[in-house]
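Data block below; observations after.
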Amino acid sequence: MIEYIDPIPPVVRFLKAWLPDTKVFGNTFPPDLALPALLVRNAGGNGYTRLQLIYRARQDYEAMQGLILAMNTLKRAASQIQGLRVQWCEPESNPIPTTDADTGKPEAWCYIRLEHIEA
């Protein structure tokens, strides 16, 4: 039987390597956040992992561009994530622009379906 693996650390390491100009965090943004920054957190799924990606930036268009780059990078190269045996990766939603209620900073978010053997 294959045991469950938390997908957040491998995905964060992967995105840090592929997006060197973006700070990438898992689960929560730090309080002293420098922008731009990407957050990867688990948003459920049964037999697969639903990831939520949240990208914060100084401008709304930068948040959307950064999120789209992260989405497309995951979709294209998910099989190269070290520590997960990825079978499939696809967006479950289009990017949504919004403003963070706590900081007032622009952000964009989406859900990604990540099917991996360890889910």
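Note on naming: chains are A, B, ... as they come in the structure tokens, residues start from 1 per chain, ligands start from 1 in the order shown.
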
Determine which residues of range 60-91 of chain A receive a DSSP assignment of helix (DSSP H, G or I), computed from the backbone, and state them as a list in words.
Asp60, Tyr61, Glu62, Ala63, Met64, Gln65, Gly66, Leu67, Ile68, Leu69, Ala70, Met71, Asn72, Thr73, Leu74, Lys75, Arg76, Ala77, Ala78, Ser79 and Gln80 of chain A

Create the file for the chosen residues now, containing N, CA, C and O atoms and written as a PDB file, in the first residue's frame.
```pdb
ATOM      1  N   ASP A  60      -2.378  44.650  -9.642  1.00  0.00           N
ATOM      2  CA  ASP A  60      -3.299  43.553  -9.945  1.00  0.00           C
ATOM      3  C   ASP A  60      -2.862  42.751 -11.165  1.00  0.00           C
ATOM      4  O   ASP A  60      -2.952  41.530 -11.179  1.00  0.00           O
ATOM      5  N   TYR A  61      -2.360  43.431 -12.196  1.00  0.00           N
ATOM      6  CA  TYR A  61      -1.928  42.704 -13.394  1.00  0.00           C
ATOM      7  C   TYR A  61      -0.691  41.854 -13.119  1.00  0.00           C
ATOM      8  O   TYR A  61      -0.514  40.786 -13.717  1.00  0.00           O
ATOM      9  N   GLU A  62       0.180  42.281 -12.182  1.00  0.00           N
ATOM     10  CA  GLU A  62       1.336  41.474 -11.811  1.00  0.00           C
ATOM     11  C   GLU A  62       0.903  40.212 -11.080  1.00  0.00           C
ATOM     12  O   GLU A  62       1.489  39.144 -11.273  1.00  0.00           O
ATOM     13  N   ALA A  63      -0.115  40.335 -10.240  1.00  0.00           N
ATOM     14  CA  ALA A  63      -0.635  39.169  -9.525  1.00  0.00           C
ATOM     15  C   ALA A  63      -1.190  38.149 -10.512  1.00  0.00           C
ATOM     16  O   ALA A  63      -0.919  36.947 -10.406  1.00  0.00           O
ATOM     17  N   MET A  64      -1.954  38.620 -11.495  1.00  0.00           N
ATOM     18  CA  MET A  64      -2.537  37.715 -12.487  1.00  0.00           C
ATOM     19  C   MET A  64      -1.451  37.075 -13.348  1.00  0.00           C
ATOM     20  O   MET A  64      -1.472  35.868 -13.586  1.00  0.00           O
ATOM     21  N   GLN A  65      -0.479  37.868 -13.797  1.00  0.00           N
ATOM     22  CA  GLN A  65       0.602  37.312 -14.618  1.00  0.00           C
ATOM     23  C   GLN A  65       1.417  36.274 -13.853  1.00  0.00           C
ATOM     24  O   GLN A  65       1.771  35.227 -14.391  1.00  0.00           O
ATOM     25  N   GLY A  66       1.718  36.571 -12.583  1.00  0.00           N
ATOM     26  CA  GLY A  66       2.489  35.630 -11.769  1.00  0.00           C
ATOM     27  C   GLY A  66       1.738  34.336 -11.537  1.00  0.00           C
ATOM     28  O   GLY A  66       2.314  33.244 -11.597  1.00  0.00           O
ATOM     29  N   LEU A  67       0.439  34.444 -11.274  1.00  0.00           N
ATOM     30  CA  LEU A  67      -0.373  33.244 -11.057  1.00  0.00           C
ATOM     31  C   LEU A  67      -0.444  32.401 -12.322  1.00  0.00           C
ATOM     32  O   LEU A  67      -0.286  31.180 -12.271  1.00  0.00           O
ATOM     33  N   ILE A  68      -0.667  33.028 -13.452  1.00  0.00           N
ATOM     34  CA  ILE A  68      -0.752  32.288 -14.716  1.00  0.00           C
ATOM     35  C   ILE A  68       0.564  31.589 -15.014  1.00  0.00           C
ATOM     36  O   ILE A  68       0.572  30.428 -15.453  1.00  0.00           O
ATOM     37  N   LEU A  69       1.683  32.242 -14.754  1.00  0.00           N
ATOM     38  CA  LEU A  69       2.986  31.596 -14.948  1.00  0.00           C
ATOM     39  C   LEU A  69       3.125  30.378 -14.039  1.00  0.00           C
ATOM     40  O   LEU A  69       3.564  29.310 -14.476  1.00  0.00           O
ATOM     41  N   ALA A  70       2.744  30.510 -12.778  1.00  0.00           N
ATOM     42  CA  ALA A  70       2.823  29.379 -11.841  1.00  0.00           C
ATOM     43  C   ALA A  70       1.908  28.238 -12.278  1.00  0.00           C
ATOM     44  O   ALA A  70       2.306  27.068 -12.251  1.00  0.00           O
ATOM     45  N   MET A  71       0.672  28.566 -12.682  1.00  0.00           N
ATOM     46  CA  MET A  71      -0.280  27.544 -13.163  1.00  0.00           C
ATOM     47  C   MET A  71       0.289  26.785 -14.349  1.00  0.00           C
ATOM     48  O   MET A  71       0.270  25.554 -14.376  1.00  0.00           O
ATOM     49  N   ASN A  72       0.753  27.533 -15.344  1.00  0.00           N
ATOM     50  CA  ASN A  72       1.257  26.909 -16.561  1.00  0.00           C
ATOM     51  C   ASN A  72       2.514  26.090 -16.304  1.00  0.00           C
ATOM     52  O   ASN A  72       2.700  25.026 -16.905  1.00  0.00           O
ATOM     53  N   THR A  73       3.367  26.562 -15.402  1.00  0.00           N
ATOM     54  CA  THR A  73       4.573  25.814 -15.058  1.00  0.00           C
ATOM     55  C   THR A  73       4.202  24.477 -14.419  1.00  0.00           C
ATOM     56  O   THR A  73       4.740  23.431 -14.795  1.00  0.00           O
ATOM     57  N   LEU A  74       3.273  24.503 -13.470  1.00  0.00           N
ATOM     58  CA  LEU A  74       2.836  23.248 -12.841  1.00  0.00           C
ATOM     59  C   LEU A  74       2.217  22.310 -13.861  1.00  0.00           C
ATOM     60  O   LEU A  74       2.514  21.116 -13.885  1.00  0.00           O
ATOM     61  N   LYS A  75       1.355  22.844 -14.692  1.00  0.00           N
ATOM     62  CA  LYS A  75       0.661  22.008 -15.682  1.00  0.00           C
ATOM     63  C   LYS A  75       1.655  21.341 -16.637  1.00  0.00           C
ATOM     64  O   LYS A  75       1.536  20.158 -16.944  1.00  0.00           O
ATOM     65  N   ARG A  76       2.636  22.100 -17.101  1.00  0.00           N
ATOM     66  CA  ARG A  76       3.591  21.578 -18.085  1.00  0.00           C
ATOM     67  C   ARG A  76       4.620  20.627 -17.491  1.00  0.00           C
ATOM     68  O   ARG A  76       5.028  19.671 -18.135  1.00  0.00           O
ATOM     69  N   ALA A  77       5.078  20.892 -16.276  1.00  0.00           N
ATOM     70  CA  ALA A  77       6.240  20.170 -15.758  1.00  0.00           C
ATOM     71  C   ALA A  77       5.983  19.427 -14.456  1.00  0.00           C
ATOM     72  O   ALA A  77       6.924  19.065 -13.759  1.00  0.00           O
ATOM     73  N   ALA A  78       4.733  19.173 -14.106  1.00  0.00           N
ATOM     74  CA  ALA A  78       4.411  18.523 -12.828  1.00  0.00           C
ATOM     75  C   ALA A  78       5.062  17.146 -12.687  1.00  0.00           C
ATOM     76  O   ALA A  78       5.373  16.732 -11.571  1.00  0.00           O
ATOM     77  N   SER A  79       5.293  16.472 -13.782  1.00  0.00           N
ATOM     78  CA  SER A  79       5.910  15.143 -13.700  1.00  0.00           C
ATOM     79  C   SER A  79       7.349  15.222 -13.186  1.00  0.00           C
ATOM     80  O   SER A  79       7.923  14.204 -12.811  1.00  0.00           O
ATOM     81  N   GLN A  80       7.917  16.419 -13.132  1.00  0.00           N
ATOM     82  CA  GLN A  80       9.288  16.597 -12.668  1.00  0.00           C
ATOM     83  C   GLN A  80       9.373  16.970 -11.186  1.00  0.00           C
ATOM     84  O   GLN A  80      10.458  17.225 -10.672  1.00  0.00           O
TER      85      GLN A  80
END
```

Taking a cut-off of 7 Å and counting only C-alpha atoms, can you build a table that, for each residue of range 51-109 of chain A near range 5-17 of chain A, reports the nearest atom pair and how far apart they are in Å (one decimal), sorted by chain then residue number, as CSV?
```
residue,atom,partner,partner_atom,distance
A:Ile81,CA,A:Phe14,CA,5.8
A:Gln82,CA,A:Pro10,CA,6.2
A:Gly83,CA,A:Pro10,CA,5.9
```

Just how far from CA of Leu19 in chain A is CA of Ala119 in chain A, in Å to one decimal?
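Rounded to one decimal, the two atoms are 24.7 Å apart.
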
Next item on the list: Report the residues of range 1-118 of chain A whose backbone DSSP state falls under strand (DSSP E or B), written as an MDAnalysis selection string.
Entry: chainID A and resid 23:26 37:42 49:56 86:91 96:99 106:116

Practice problem: Name all residues at most 9 Å from Leu35 in chain A (count only C-alpha atoms; drop same-chain ones fewer than 6 positions away) and give them as a list in words. | Solution: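 So, after excluding close chain neighbours, the residues are Thr22, Lys23, Arg56, Ala57 and Arg58 of chain A.
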
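CA of Val86 in chain A is found 10.5 Å from CA of Thr49 in chain A.
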
**Item:** Polymer residues at most 7 Å from Val40 in chain A, only C-alpha atoms, same-chain spacing of 2 or more positions, as a VMD selection string
**Value:** chain A and resid 8 12 25 to 27 38 51 to 54

Those same residues, written as a JSON list (two decimals), in the first residue's frame with N, CA, C and O atoms?
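Listing of selection.json after writing:
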```
[["chain", "number", "residue", "atom", "x", "y", "z"],
["A", 8, "ILE", "N", 2.61, 19.52, -0.28],
["A", 8, "ILE", "CA", 3.02, 20.92, -0.24],
["A", 8, "ILE", "C", 4.54, 21.10, -0.28],
["A", 8, "ILE", "O", 5.04, 21.87, -1.11],
["A", 12, "VAL", "N", 6.29, 23.18, -3.31],
["A", 12, "VAL", "CA", 6.95, 24.44, -2.99],
["A", 12, "VAL", "C", 8.40, 24.42, -3.48],
["A", 12, "VAL", "O", 8.87, 25.38, -4.12],
["A", 25, "PHE", "N", 5.79, 30.10, -0.77],
["A", 25, "PHE", "CA", 5.53, 29.64, 0.59],
["A", 25, "PHE", "C", 4.49, 28.53, 0.58],
["A", 25, "PHE", "O", 3.67, 28.45, -0.33],
["A", 26, "GLY", "N", 4.52, 27.72, 1.62],
["A", 26, "GLY", "CA", 3.53, 26.67, 1.79],
["A", 26, "GLY", "C", 2.60, 26.98, 2.95],
["A", 26, "GLY", "O", 3.06, 27.38, 4.02],
["A", 27, "ASN", "N", 1.32, 26.83, 2.72],
["A", 27, "ASN", "CA", 0.25, 26.92, 3.72],
["A", 27, "ASN", "C", -0.11, 28.32, 4.20],
["A", 27, "ASN", "O", -1.28, 28.65, 4.27],
["A", 38, "LEU", "N", 4.10, 33.83, -3.82],
["A", 38, "LEU", "CA", 3.14, 32.78, -4.18],
["A", 38, "LEU", "C", 2.93, 31.87, -2.99],
["A", 38, "LEU", "O", 3.90, 31.46, -2.34],
["A", 51, "LEU", "N", -4.94, 21.79, -4.98],
["A", 51, "LEU", "CA", -4.08, 22.85, -4.48],
["A", 51, "LEU", "C", -4.72, 24.19, -4.76],
["A", 51, "LEU", "O", -5.34, 24.38, -5.80],
["A", 52, "GLN", "N", -4.56, 25.12, -3.83],
["A", 52, "GLN", "CA", -4.93, 26.50, -4.11],
["A", 52, "GLN", "C", -3.63, 27.28, -4.23],
["A", 52, "GLN", "O", -2.77, 27.21, -3.34],
["A", 53, "LEU", "N", -3.50, 27.99, -5.34],
["A", 53, "LEU", "CA", -2.37, 28.88, -5.54],
["A", 53, "LEU", "C", -2.87, 30.31, -5.35],
["A", 53, "LEU", "O", -3.90, 30.68, -5.93],
["A", 54, "ILE", "N", -2.16, 31.10, -4.55],
["A", 54, "ILE", "CA", -2.50, 32.50, -4.34],
["A", 54, "ILE", "C", -1.24, 33.32, -4.60],
["A", 54, "ILE", "O", -0.20, 33.08, -3.97]]
```
